[in-house]
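Have a look at the structure below before the remarks.
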2 protein chains.
Amino acid sequence: MSTKPSEPALHLEQFLPYRLNVVGFFASRALGRIYGAHFGIDIPQWRVVAQLGEFGKLTSRDIGELAQMHKTKVSRAVRELESRGLVSRAENRQDRREAFIALTPAGTRVYAQIVPLALAFQARWTEGIAAEELKVFERVLATLTERGRHLAGGYREEEA
Amino acid sequence: MSTKPSEPALHLEQFLPYRLNVVGFFASRALGRIYGAHFGIDIPQWRVVAQLGEFGKLTSRDIGELAQMHKTKVSRAVRELESRGLVSRAENRQDRREAFIALTPAGTRVYAQIVPLALAFQARWTEGIAAEELKVFERVLATLTERGRHLAGGYREEEA
DNA sequence: CGCTATTAGTTTCAAACGCAACTAATTGGC
DNA sequence: GCCAATTAGTTGCGTTTGAAACTAATAGCG
């Protein structure tokens with residue numbers, strides 16, 4: 001009775017896709033609480049605000065691309081932010097299909113308040129991890145992300 | 001006019017919670033395709049099957065804890081798996097509130113088919129990354145996960 | 001014992017999600 | 001210049017989600 005040389009086992013808690021989802025979930029949940037409690041904003045809305053705060057005016061398409069969000073999610077987040085007076089919409093005269101979204105003064109103030117909270121959260125989260133290790137971590141993370149993008153295919157399906 | 005010493009900027013694409021969500025999303029999407037296309041199973045169902053494959057019979061509560069799933073998600077995944085004949089349910093005579101869930105022979109076969117696919121996916125995903133770096137990556141990931149669990153609070157709220 | 005608190009699991013319900021279809025505008029070939 | 005193809009963005013719709021309420025059973029405490 002020979003034993004099979006390698007029937008490799010799977011342990012979910014060590015399985016990378018699972019682990020990455022779990023850690024991402026924890027991060028979202030913690031951040032969502034901060035944004036929600038202080039500003040009544042959810043994660044999709046935060047992503048929009050963050051991109052606008054960083055890049056100034058953008059079209060919805062750009063936001064979706066930069067923030068990895070489905071276009072319907074962008075559309076809804078922008079609508080809600082606009083209704084709260086945090087972003088404004090200005091039709092592009094050169095191409096009236098699209099519109100430039102930008103933070104209003106009120107939106108800019110919210111952004112300015114959230115940024116330090118977000119950075120503090122990240123700082124607290126990574127506190128005490130050796131800078132060197134963190135660097136390796138981020139490099140590997142970048143590799144996995146880039147490859148993952150490939151393996152998953154974007155929102156837009158590739159040719160069949 | 002003195003410049004403020006440090007008004008640190010936030011760049012979403014370098015913001016860890018965001019990056020972890022994105023990479024987790026890619027992984028889920030890619031895996032979901034594999035499970036879905038080959039076995040008609042989604043990610044929550046896969047998590048249940050994976051835990052049962054690893055640990056044998058478990059209660060729904062155990063599954064939720066092990067796989068970090070909300071109890072309603074477990075409930076629905078188990079119901080669907082049961083209806084497809086992939087898991088069975090056996091009331092615990094010692095405590096009739098709970099039931100032991102286990103893979104049926106058909107479920108075991110599916111599990112045995114998925115495991116190599118999952119492992120191959122992970123192997124392909126991490127291919128070419130130095131073992132040393134991967135080790136660092138996983139260690140930091142474990143730290144972040146553990147801290148994230150704290151920062152996020154579990155499903156069950158802590159005392160107010 | 002008897003009654004309240006707790007726990008396992010399900011169901012209900014409203015919100016969020018994303019695909020597909022749609023509208024409106026622009027582009028590109030011919 | 002006109003018509004088909006493409007693109008930006010929204011809306012309709014069925015599915016998934018999780019919080020809260022609920023059911024059924026057990027545990028704990030008097």
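We label chains A, B, ... in the order they appear in the structure tokens, count residues from 1 in each chain, and number ligands from 1 in the order shown.
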Excluding Ile63 of chain A and residues on its chain fewer than 6 positions from it, collect all residues at most 9 Å away from it, counting only C-alpha atoms (C1' of nucleotides), and give them as an mmCIF file with C-alpha atoms, in the first residue's frame.
data_model
loop_
_atom_site.group_PDB
_atom_site.id
_atom_site.type_symbol
_atom_site.label_atom_id
_atom_site.label_comp_id
_atom_site.auth_asym_id
_atom_site.auth_seq_id
_atom_site.Cartn_x
_atom_site.Cartn_y
_atom_site.Cartn_z
ATOM 1 C CA ARG A 47 -13.592 56.785 -2.577
ATOM 2 C CA VAL A 48 -15.135 59.413 -4.788
ATOM 3 C CA GLN A 51 -10.115 60.925 -5.718
ATOM 4 C CA LEU A 52 -11.592 64.368 -6.152
ATOM 5 C CA MET A 69 -15.571 51.238 -8.929
ATOM 6 C CA LYS A 71 -19.909 52.869 -13.074
ATOM 7 C CA VAL A 74 -19.947 55.872 -9.077
#
Spatial neighbours of DT7 of chain D, max dist 12 Å, only C-alpha atoms (C1' of nucleotides), sep filter under 3 positions, as a PDB file with C-alpha atoms (C1' of nucleotides), in the first residue's frame:
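The file below, out.pdb, is the result:
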ATOM      1  CA  ARG A  61     -15.505  57.589 -15.833  1.00  0.00           C
ATOM      2  CA  ASP A  95     -18.262  66.730 -24.874  1.00  0.00           C
ATOM      3  CA  ARG A  96     -21.714  66.993 -23.437  1.00  0.00           C
ATOM      4  CA  ARG A  97     -21.931  63.318 -22.642  1.00  0.00           C
ATOM      5  CA  GLU A  98     -19.669  63.763 -19.681  1.00  0.00           C
TER       6      GLU A  98
ATOM      7  C1'  DA C  24     -27.950  61.021 -25.153  1.00  0.00           C
ATOM      8  C1'  DA C  25     -23.963  62.598 -27.301  1.00  0.00           C
ATOM      9  C1'  DT C  26     -19.762  61.964 -30.160  1.00  0.00           C
ATOM     10  C1'  DT C  27     -16.774  59.684 -33.409  1.00  0.00           C
TER      11       DT C  27
END
**OP:** Pick out the closest residue to Arg19 of chain B from this set: A:Ala112, A:Arg84, A:Gln68, A:Arg76. Count only C-alpha atoms.
**Re:**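 Checking each of A:Ala112, A:Arg84, A:Gln68, A:Arg76 against Arg19 of chain B, counting only C-alpha atoms, the winner is A:Gln68.
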Could you list, as a PDB file with C-alpha atoms (C1' of nucleotides), in the first residue's frame, the residues of chain D having an atom within 12 Å of chain A when counting only C-alpha atoms (C1' of nucleotides)?
ATOM      1  C1'  DT D   7     -18.863  56.131 -25.275  1.00  0.00           C
ATOM      2  C1'  DA D   8     -20.658  58.634 -20.757  1.00  0.00           C
ATOM      3  C1'  DG D   9     -23.802  58.105 -17.658  1.00  0.00           C
ATOM      4  C1'  DT D  10     -28.513  56.610 -15.692  1.00  0.00           C
ATOM      5  C1'  DT D  11     -32.200  53.522 -14.689  1.00  0.00           C
TER       6       DT D  11
END
Against chain A, which residues of chain B fall within 6 Å? For each one I want the closest pair of atoms and the distance in Å (one decimal), counting only C-alpha atoms, rows by chain and increasing residue number, as a Markdown table.
| residue | atom | partner | partner_atom | distance |
| --- | --- | --- | --- | --- |
| B:Pro17 | CA | A:Ala27 | CA | 5.3 |
| B:Leu20 | CA | A:Gly24 | CA | 5.0 |
| B:Asn21 | CA | A:Gly24 | CA | 4.6 |
| B:Val23 | CA | A:Thr145 | CA | 5.0 |
| B:Gly24 | CA | A:Asn21 | CA | 4.6 |
| B:Phe26 | CA | A:Gly148 | CA | 5.2 |
| B:Ala27 | CA | A:Pro17 | CA | 5.3 |
| B:Arg29 | CA | A:Ala152 | CA | 5.6 |
| B:Ala30 | CA | A:Ala152 | CA | 4.3 |
| B:Phe137 | CA | A:Phe137 | CA | 4.7 |
| B:Thr145 | CA | A:Val23 | CA | 5.0 |
| B:Gly148 | CA | A:Phe26 | CA | 5.3 |
| B:Arg149 | CA | A:Phe26 | CA | 5.9 |
| B:Leu151 | CA | A:Ala30 | CA | 5.9 |
| B:Ala152 | CA | A:Ala30 | CA | 4.3 |
Subject >> 9 Å contacts from chain C to chain B using only C-alpha atoms (C1' of nucleotides), as a ChimeraX atom specification >> reply: /C:7-10
**OP:** List the neighbours of segment 19-21 of chain D out to 10 Å using only C-alpha atoms (C1' of nucleotides); skip same-chain residues closer than 6 positions along the sequence, and give me the result as a PyMOL selection string.
**Re:** chain C and resi 11-14
Include C-alpha atoms (C1' of nucleotides) and write out the residues we just selected as an mmCIF file, in the first residue's frame.
data_model
loop_
_atom_site.group_PDB
_atom_site.id
_atom_site.type_symbol
_atom_site.label_atom_id
_atom_site.label_comp_id
_atom_site.auth_asym_id
_atom_site.auth_seq_id
_atom_site.Cartn_x
_atom_site.Cartn_y
_atom_site.Cartn_z
ATOM 1 C "C1'" DT C 11 -36.886 34.633 8.461
ATOM 2 C "C1'" DT C 12 -38.152 39.283 7.361
ATOM 3 C "C1'" DC C 13 -37.129 43.473 5.383
ATOM 4 C "C1'" DA C 14 -34.806 47.374 3.526
#
With DSSP run on the backbone, what are the alpha helix (DSSP H) residues within chain B? I'd like them as an mmCIF file with N, CA and C atoms, in the first residue's frame.
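Heads up, here's the output in result.cif:
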data_model
loop_
_atom_site.group_PDB
_atom_site.id
_atom_site.type_symbol
_atom_site.label_atom_id
_atom_site.label_comp_id
_atom_site.auth_asym_id
_atom_site.auth_seq_id
_atom_site.Cartn_x
_atom_site.Cartn_y
_atom_site.Cartn_z
ATOM 1 N N LEU B 16 -3.667 51.679 2.377
ATOM 2 C CA LEU B 16 -3.706 50.244 2.612
ATOM 3 C C LEU B 16 -5.110 49.643 2.634
ATOM 4 N N PRO B 17 -6.044 50.217 3.344
ATOM 5 C CA PRO B 17 -7.383 49.597 3.335
ATOM 6 C C PRO B 17 -7.937 49.497 1.924
ATOM 7 N N TYR B 18 -7.743 50.523 1.166
ATOM 8 C CA TYR B 18 -8.201 50.499 -0.225
ATOM 9 C C TYR B 18 -7.498 49.403 -1.010
ATOM 10 N N ARG B 19 -6.200 49.358 -0.905
ATOM 11 C CA ARG B 19 -5.445 48.376 -1.683
ATOM 12 C C ARG B 19 -5.824 46.953 -1.311
ATOM 13 N N LEU B 20 -6.038 46.724 -0.046
ATOM 14 C CA LEU B 20 -6.389 45.372 0.376
ATOM 15 C C LEU B 20 -7.767 44.986 -0.135
ATOM 16 N N ASN B 21 -8.653 45.942 -0.179
ATOM 17 C CA ASN B 21 -9.963 45.646 -0.736
ATOM 18 C C ASN B 21 -9.890 45.336 -2.217
ATOM 19 N N VAL B 22 -9.073 46.085 -2.909
ATOM 20 C CA VAL B 22 -8.980 45.874 -4.347
ATOM 21 C C VAL B 22 -8.394 44.497 -4.649
ATOM 22 N N VAL B 23 -7.328 44.169 -3.969
ATOM 23 C CA VAL B 23 -6.693 42.886 -4.269
ATOM 24 C C VAL B 23 -7.612 41.732 -3.863
ATOM 25 N N GLY B 24 -8.319 41.909 -2.765
ATOM 26 C CA GLY B 24 -9.259 40.882 -2.349
ATOM 27 C C GLY B 24 -10.390 40.725 -3.354
ATOM 28 N N PHE B 25 -10.810 41.828 -3.895
ATOM 29 C CA PHE B 25 -11.867 41.795 -4.899
ATOM 30 C C PHE B 25 -11.420 41.026 -6.141
ATOM 31 N N PHE B 26 -10.214 41.302 -6.589
ATOM 32 C CA PHE B 26 -9.694 40.592 -7.765
ATOM 33 C C PHE B 26 -9.624 39.093 -7.503
ATOM 34 N N ALA B 27 -9.124 38.755 -6.327
ATOM 35 C CA ALA B 27 -8.994 37.343 -5.998
ATOM 36 C C ALA B 27 -10.361 36.668 -5.967
ATOM 37 N N SER B 28 -11.310 37.320 -5.335
ATOM 38 C CA SER B 28 -12.651 36.739 -5.254
ATOM 39 C C SER B 28 -13.251 36.553 -6.626
ATOM 40 N N ARG B 29 -13.091 37.566 -7.425
ATOM 41 C CA ARG B 29 -13.685 37.512 -8.755
ATOM 42 C C ARG B 29 -13.107 36.359 -9.573
ATOM 43 N N ALA B 30 -11.789 36.229 -9.525
ATOM 44 C CA ALA B 30 -11.145 35.166 -10.289
ATOM 45 C C ALA B 30 -11.563 33.794 -9.763
ATOM 46 N N LEU B 31 -11.528 33.645 -8.458
ATOM 47 C CA LEU B 31 -11.905 32.364 -7.876
ATOM 48 C C LEU B 31 -13.380 32.064 -8.117
ATOM 49 N N GLY B 32 -14.198 33.084 -7.931
ATOM 50 C CA GLY B 32 -15.628 32.898 -8.139
ATOM 51 C C GLY B 32 -15.921 32.354 -9.524
ATOM 52 N N ARG B 33 -15.158 32.824 -10.478
ATOM 53 C CA ARG B 33 -15.347 32.298 -11.834
ATOM 54 C C ARG B 33 -15.043 30.825 -11.910
ATOM 55 N N ILE B 34 -13.939 30.455 -11.287
ATOM 56 C CA ILE B 34 -13.553 29.042 -11.317
ATOM 57 C C ILE B 34 -14.624 28.184 -10.660
ATOM 58 N N TYR B 35 -15.007 28.542 -9.438
ATOM 59 C CA TYR B 35 -16.004 27.748 -8.718
ATOM 60 C C TYR B 35 -17.328 27.730 -9.477
ATOM 61 N N GLY B 36 -17.711 28.916 -9.890
ATOM 62 C CA GLY B 36 -18.995 29.028 -10.547
ATOM 63 C C GLY B 36 -19.052 28.253 -11.842
ATOM 64 N N ALA B 37 -18.034 28.446 -12.673
ATOM 65 C CA ALA B 37 -18.049 27.812 -13.985
ATOM 66 C C ALA B 37 -17.999 26.291 -13.873
ATOM 67 N N HIS B 38 -17.183 25.786 -12.945
ATOM 68 C CA HIS B 38 -16.997 24.340 -12.886
ATOM 69 C C HIS B 38 -17.997 23.631 -11.989
ATOM 70 N N PHE B 39 -18.455 24.320 -10.953
ATOM 71 C CA PHE B 39 -19.263 23.611 -9.963
ATOM 72 C C PHE B 39 -20.552 24.318 -9.579
ATOM 73 N N ILE B 43 -18.852 31.964 -3.675
ATOM 74 C CA ILE B 43 -17.797 32.049 -2.666
ATOM 75 C C ILE B 43 -18.265 31.664 -1.266
ATOM 76 N N PRO B 44 -19.400 32.161 -0.808
ATOM 77 C CA PRO B 44 -19.840 31.722 0.522
ATOM 78 C C PRO B 44 -20.000 30.209 0.595
ATOM 79 N N GLN B 45 -20.569 29.624 -0.430
ATOM 80 C CA GLN B 45 -20.728 28.167 -0.433
ATOM 81 C C GLN B 45 -19.368 27.475 -0.425
ATOM 82 N N TRP B 46 -18.453 28.013 -1.173
ATOM 83 C CA TRP B 46 -17.108 27.439 -1.190
ATOM 84 C C TRP B 46 -16.488 27.487 0.193
ATOM 85 N N ARG B 47 -16.681 28.577 0.899
ATOM 86 C CA ARG B 47 -16.090 28.668 2.228
ATOM 87 C C ARG B 47 -16.641 27.595 3.145
ATOM 88 N N VAL B 48 -17.924 27.349 3.037
ATOM 89 C CA VAL B 48 -18.540 26.308 3.857
ATOM 90 C C VAL B 48 -17.950 24.952 3.503
ATOM 91 N N VAL B 49 -17.917 24.668 2.212
ATOM 92 C CA VAL B 49 -17.380 23.377 1.767
ATOM 93 C C VAL B 49 -15.932 23.220 2.216
ATOM 94 N N ALA B 50 -15.170 24.291 2.104
ATOM 95 C CA ALA B 50 -13.755 24.216 2.463
ATOM 96 C C ALA B 50 -13.574 23.875 3.942
ATOM 97 N N GLN B 51 -14.376 24.492 4.771
ATOM 98 C CA GLN B 51 -14.239 24.210 6.204
ATOM 99 C C GLN B 51 -14.674 22.788 6.521
ATOM 100 N N LEU B 52 -15.751 22.357 5.887
ATOM 101 C CA LEU B 52 -16.220 20.993 6.137
ATOM 102 C C LEU B 52 -15.196 19.982 5.625
ATOM 103 N N GLY B 53 -14.601 20.292 4.481
ATOM 104 C CA GLY B 53 -13.584 19.399 3.939
ATOM 105 C C GLY B 53 -12.377 19.294 4.853
ATOM 106 N N GLU B 54 -12.121 20.381 5.519
ATOM 107 C CA GLU B 54 -10.936 20.393 6.375
ATOM 108 C C GLU B 54 -11.214 19.797 7.752
ATOM 109 N N PHE B 55 -12.399 20.089 8.308
ATOM 110 C CA PHE B 55 -12.655 19.735 9.701
ATOM 111 C C PHE B 55 -13.688 18.635 9.885
ATOM 112 N N SER B 60 -23.240 25.150 12.221
ATOM 113 C CA SER B 60 -23.250 26.397 11.456
ATOM 114 C C SER B 60 -22.482 27.485 12.202
ATOM 115 N N ARG B 61 -22.637 27.478 13.488
ATOM 116 C CA ARG B 61 -21.926 28.464 14.299
ATOM 117 C C ARG B 61 -20.422 28.342 14.105
ATOM 118 N N ASP B 62 -19.921 27.117 14.169
ATOM 119 C CA ASP B 62 -18.496 26.882 13.971
ATOM 120 C C ASP B 62 -18.052 27.359 12.593
ATOM 121 N N ILE B 63 -18.846 27.034 11.607
ATOM 122 C CA ILE B 63 -18.491 27.435 10.246
ATOM 123 C C ILE B 63 -18.364 28.945 10.167
ATOM 124 N N GLY B 64 -19.347 29.630 10.737
ATOM 125 C CA GLY B 64 -19.309 31.076 10.711
ATOM 126 C C GLY B 64 -18.069 31.638 11.365
ATOM 127 N N GLU B 65 -17.726 31.048 12.471
ATOM 128 C CA GLU B 65 -16.552 31.538 13.190
ATOM 129 C C GLU B 65 -15.281 31.249 12.413
ATOM 130 N N LEU B 66 -15.156 30.026 11.936
ATOM 131 C CA LEU B 66 -13.943 29.631 11.221
ATOM 132 C C LEU B 66 -13.789 30.390 9.909
ATOM 133 N N ALA B 67 -14.902 30.594 9.214
ATOM 134 C CA ALA B 67 -14.812 31.172 7.871
ATOM 135 C C ALA B 67 -15.157 32.656 7.856
ATOM 136 N N LYS B 71 -23.871 34.815 10.256
ATOM 137 C CA LYS B 71 -24.661 33.604 10.440
ATOM 138 C C LYS B 71 -25.774 33.455 9.395
ATOM 139 N N THR B 72 -26.307 34.577 8.926
ATOM 140 C CA THR B 72 -27.337 34.447 7.893
ATOM 141 C C THR B 72 -26.723 33.964 6.578
ATOM 142 N N LYS B 73 -25.493 34.363 6.350
ATOM 143 C CA LYS B 73 -24.844 33.917 5.120
ATOM 144 C C LYS B 73 -24.573 32.417 5.197
ATOM 145 N N VAL B 74 -24.128 31.973 6.357
ATOM 146 C CA VAL B 74 -23.913 30.543 6.554
ATOM 147 C C VAL B 74 -25.222 29.799 6.360
ATOM 148 N N SER B 75 -26.258 30.295 6.991
ATOM 149 C CA SER B 75 -27.559 29.631 6.919
ATOM 150 C C SER B 75 -27.984 29.423 5.468
ATOM 151 N N ARG B 76 -27.862 30.478 4.687
ATOM 152 C CA ARG B 76 -28.313 30.379 3.300
ATOM 153 C C ARG B 76 -27.401 29.494 2.460
ATOM 154 N N ALA B 77 -26.096 29.587 2.715
ATOM 155 C CA ALA B 77 -25.168 28.753 1.948
ATOM 156 C C ALA B 77 -25.424 27.282 2.244
ATOM 157 N N VAL B 78 -25.620 26.964 3.512
ATOM 158 C CA VAL B 78 -25.854 25.571 3.891
ATOM 159 C C VAL B 78 -27.157 25.075 3.271
ATOM 160 N N ARG B 79 -28.187 25.904 3.326
ATOM 161 C CA ARG B 79 -29.472 25.496 2.772
ATOM 162 C C ARG B 79 -29.324 25.126 1.295
ATOM 163 N N GLU B 80 -28.619 25.984 0.576
ATOM 164 C CA GLU B 80 -28.446 25.745 -0.853
ATOM 165 C C GLU B 80 -27.593 24.495 -1.113
ATOM 166 N N LEU B 81 -26.531 24.340 -0.350
ATOM 167 C CA LEU B 81 -25.673 23.164 -0.523
ATOM 168 C C LEU B 81 -26.443 21.890 -0.195
ATOM 169 N N GLU B 82 -27.283 21.979 0.818
ATOM 170 C CA GLU B 82 -28.067 20.806 1.195
ATOM 171 C C GLU B 82 -29.038 20.444 0.063
ATOM 172 N N SER B 83 -29.656 21.472 -0.500
ATOM 173 C CA SER B 83 -30.624 21.210 -1.557
ATOM 174 C C SER B 83 -29.963 20.609 -2.791
ATOM 175 N N PRO B 105 -21.019 12.300 0.248
ATOM 176 C CA PRO B 105 -20.038 11.782 -0.721
ATOM 177 C C PRO B 105 -19.921 12.687 -1.943
ATOM 178 N N ALA B 106 -21.057 13.165 -2.450
ATOM 179 C CA ALA B 106 -20.999 14.068 -3.610
ATOM 180 C C ALA B 106 -20.247 15.349 -3.252
ATOM 181 N N GLY B 107 -20.508 15.863 -2.054
ATOM 182 C CA GLY B 107 -19.819 17.069 -1.621
ATOM 183 C C GLY B 107 -18.324 16.841 -1.481
ATOM 184 N N THR B 108 -17.981 15.678 -0.973
ATOM 185 C CA THR B 108 -16.572 15.342 -0.819
ATOM 186 C C THR B 108 -15.883 15.283 -2.178
ATOM 187 N N ARG B 109 -16.599 14.743 -3.146
ATOM 188 C CA ARG B 109 -16.012 14.680 -4.490
ATOM 189 C C ARG B 109 -15.776 16.095 -5.034
ATOM 190 N N VAL B 110 -16.763 16.962 -4.839
ATOM 191 C CA VAL B 110 -16.587 18.339 -5.305
ATOM 192 C C VAL B 110 -15.401 18.987 -4.599
ATOM 193 N N TYR B 111 -15.366 18.808 -3.307
ATOM 194 C CA TYR B 111 -14.250 19.360 -2.533
ATOM 195 C C TYR B 111 -12.914 18.872 -3.090
ATOM 196 N N ALA B 112 -12.853 17.570 -3.314
ATOM 197 C CA ALA B 112 -11.597 16.990 -3.820
ATOM 198 C C ALA B 112 -11.233 17.550 -5.192
ATOM 199 N N GLN B 113 -12.240 17.966 -5.941
ATOM 200 C CA GLN B 113 -11.943 18.548 -7.255
ATOM 201 C C GLN B 113 -11.524 20.011 -7.146
ATOM 202 N N ILE B 114 -12.115 20.716 -6.197
ATOM 203 C CA ILE B 114 -11.820 22.138 -6.082
ATOM 204 C C ILE B 114 -10.435 22.380 -5.493
ATOM 205 N N VAL B 115 -10.078 21.578 -4.490
ATOM 206 C CA VAL B 115 -8.819 21.837 -3.785
ATOM 207 C C VAL B 115 -7.637 22.023 -4.730
ATOM 208 N N PRO B 116 -7.406 21.097 -5.649
ATOM 209 C CA PRO B 116 -6.248 21.316 -6.534
ATOM 210 C C PRO B 116 -6.388 22.572 -7.381
ATOM 211 N N LEU B 117 -7.605 22.910 -7.787
ATOM 212 C CA LEU B 117 -7.791 24.134 -8.564
ATOM 213 C C LEU B 117 -7.427 25.362 -7.728
ATOM 214 N N ALA B 118 -7.885 25.332 -6.476
ATOM 215 C CA ALA B 118 -7.616 26.470 -5.605
ATOM 216 C C ALA B 118 -6.122 26.604 -5.357
ATOM 217 N N LEU B 119 -5.492 25.486 -5.075
ATOM 218 C CA LEU B 119 -4.054 25.525 -4.810
ATOM 219 C C LEU B 119 -3.284 25.959 -6.059
ATOM 220 N N ALA B 120 -3.735 25.496 -7.200
ATOM 221 C CA ALA B 120 -3.067 25.894 -8.442
ATOM 222 C C ALA B 120 -3.219 27.385 -8.683
ATOM 223 N N PHE B 121 -4.410 27.867 -8.362
ATOM 224 C CA PHE B 121 -4.630 29.302 -8.529
ATOM 225 C C PHE B 121 -3.675 30.095 -7.657
ATOM 226 N N GLN B 122 -3.580 29.701 -6.424
ATOM 227 C CA GLN B 122 -2.679 30.409 -5.511
ATOM 228 C C GLN B 122 -1.238 30.312 -5.989
ATOM 229 N N ALA B 123 -0.868 29.127 -6.443
ATOM 230 C CA ALA B 123 0.505 28.932 -6.914
ATOM 231 C C ALA B 123 0.799 29.846 -8.101
ATOM 232 N N ARG B 124 -0.158 29.899 -8.989
ATOM 233 C CA ARG B 124 0.037 30.723 -10.169
ATOM 234 C C ARG B 124 0.079 32.204 -9.808
ATOM 235 N N TRP B 125 -0.705 32.532 -8.817
ATOM 236 C CA TRP B 125 -0.813 33.922 -8.422
ATOM 237 C C TRP B 125 0.476 34.410 -7.766
ATOM 238 N N THR B 126 1.114 33.523 -7.014
ATOM 239 C CA THR B 126 2.296 33.929 -6.265
ATOM 240 C C THR B 126 3.586 33.493 -6.950
ATOM 241 N N ALA B 131 10.453 33.321 -2.074
ATOM 242 C CA ALA B 131 9.866 32.659 -0.906
ATOM 243 C C ALA B 131 10.035 33.500 0.341
ATOM 244 N N GLU B 132 11.170 34.093 0.434
ATOM 245 C CA GLU B 132 11.462 34.941 1.595
ATOM 246 C C GLU B 132 10.483 36.117 1.691
ATOM 247 N N GLU B 133 10.252 36.734 0.547
ATOM 248 C CA GLU B 133 9.359 37.886 0.535
ATOM 249 C C GLU B 133 7.927 37.463 0.834
ATOM 250 N N LEU B 134 7.563 36.334 0.307
ATOM 251 C CA LEU B 134 6.220 35.836 0.575
ATOM 252 C C LEU B 134 6.024 35.576 2.054
ATOM 253 N N LYS B 135 7.066 35.095 2.661
ATOM 254 C CA LYS B 135 6.986 34.819 4.090
ATOM 255 C C LYS B 135 6.770 36.103 4.870
ATOM 256 N N VAL B 136 7.537 37.113 4.529
ATOM 257 C CA VAL B 136 7.359 38.417 5.181
ATOM 258 C C VAL B 136 5.947 38.907 4.943
ATOM 259 N N PHE B 137 5.540 38.779 3.692
ATOM 260 C CA PHE B 137 4.195 39.239 3.331
ATOM 261 C C PHE B 137 3.140 38.579 4.214
ATOM 262 N N GLU B 138 3.245 37.285 4.337
ATOM 263 C CA GLU B 138 2.237 36.568 5.107
ATOM 264 C C GLU B 138 2.292 36.920 6.586
ATOM 265 N N ARG B 139 3.485 37.178 7.073
ATOM 266 C CA ARG B 139 3.592 37.532 8.493
ATOM 267 C C ARG B 139 2.944 38.893 8.744
ATOM 268 N N VAL B 140 3.264 39.851 7.880
ATOM 269 C CA VAL B 140 2.663 41.178 8.048
ATOM 270 C C VAL B 140 1.158 41.077 7.883
ATOM 271 N N LEU B 141 0.744 40.289 6.914
ATOM 272 C CA LEU B 141 -0.692 40.114 6.687
ATOM 273 C C LEU B 141 -1.377 39.575 7.937
ATOM 274 N N ALA B 142 -0.718 38.640 8.589
ATOM 275 C CA ALA B 142 -1.296 38.071 9.808
ATOM 276 C C ALA B 142 -1.419 39.139 10.891
ATOM 277 N N THR B 143 -0.407 39.953 11.008
ATOM 278 C CA THR B 143 -0.450 41.033 11.996
ATOM 279 C C THR B 143 -1.592 41.990 11.695
ATOM 280 N N LEU B 144 -1.679 42.397 10.453
ATOM 281 C CA LEU B 144 -2.728 43.338 10.067
ATOM 282 C C LEU B 144 -4.111 42.740 10.296
ATOM 283 N N THR B 145 -4.227 41.462 9.994
ATOM 284 C CA THR B 145 -5.520 40.812 10.174
ATOM 285 C C THR B 145 -5.916 40.801 11.640
ATOM 286 N N GLU B 146 -4.973 40.425 12.456
ATOM 287 C CA GLU B 146 -5.281 40.337 13.880
ATOM 288 C C GLU B 146 -5.659 41.707 14.441
ATOM 289 N N ARG B 147 -4.884 42.700 14.062
ATOM 290 C CA ARG B 147 -5.193 44.051 14.534
ATOM 291 C C ARG B 147 -6.483 44.560 13.932
ATOM 292 N N GLY B 148 -6.674 44.213 12.671
ATOM 293 C CA GLY B 148 -7.898 44.651 11.999
ATOM 294 C C GLY B 148 -9.118 44.072 12.690
ATOM 295 N N ARG B 149 -9.015 42.834 13.108
ATOM 296 C CA ARG B 149 -10.135 42.197 13.788
ATOM 297 C C ARG B 149 -10.512 43.026 15.011
ATOM 298 N N HIS B 150 -9.505 43.468 15.713
ATOM 299 C CA HIS B 150 -9.723 44.319 16.871
ATOM 300 C C HIS B 150 -10.360 45.647 16.493
ATOM 301 N N LEU B 151 -9.705 46.325 15.562
ATOM 302 C CA LEU B 151 -10.153 47.669 15.189
ATOM 303 C C LEU B 151 -11.568 47.650 14.643
ATOM 304 N N ALA B 152 -11.899 46.564 13.953
ATOM 305 C CA ALA B 152 -13.215 46.506 13.327
ATOM 306 C C ALA B 152 -14.284 46.050 14.299
#
**OP:** Apply DSSP to the backbone of this structure and, from chain A, keep only the residues in strand (DSSP E or B); write these as a VMD selection string.
**Re:** chain A and resid 58 87 to 91 99 to 103
Original post:
Please, what distance in Å, to one decimal, runs between atom CA of Phe100 of chain A and atom CA of Lys57 of chain A?
Top reply: 5.7 Å
**OP:** Extract, using only C-alpha atoms (C1' of nucleotides), all DNA, RNA and protein residues at most 10 Å from DA5 of chain C, discarding same-chain residues fewer than 5 positions from it, and format them as an MDAnalysis selection string.
**Re:** chainID D and resid 27:29
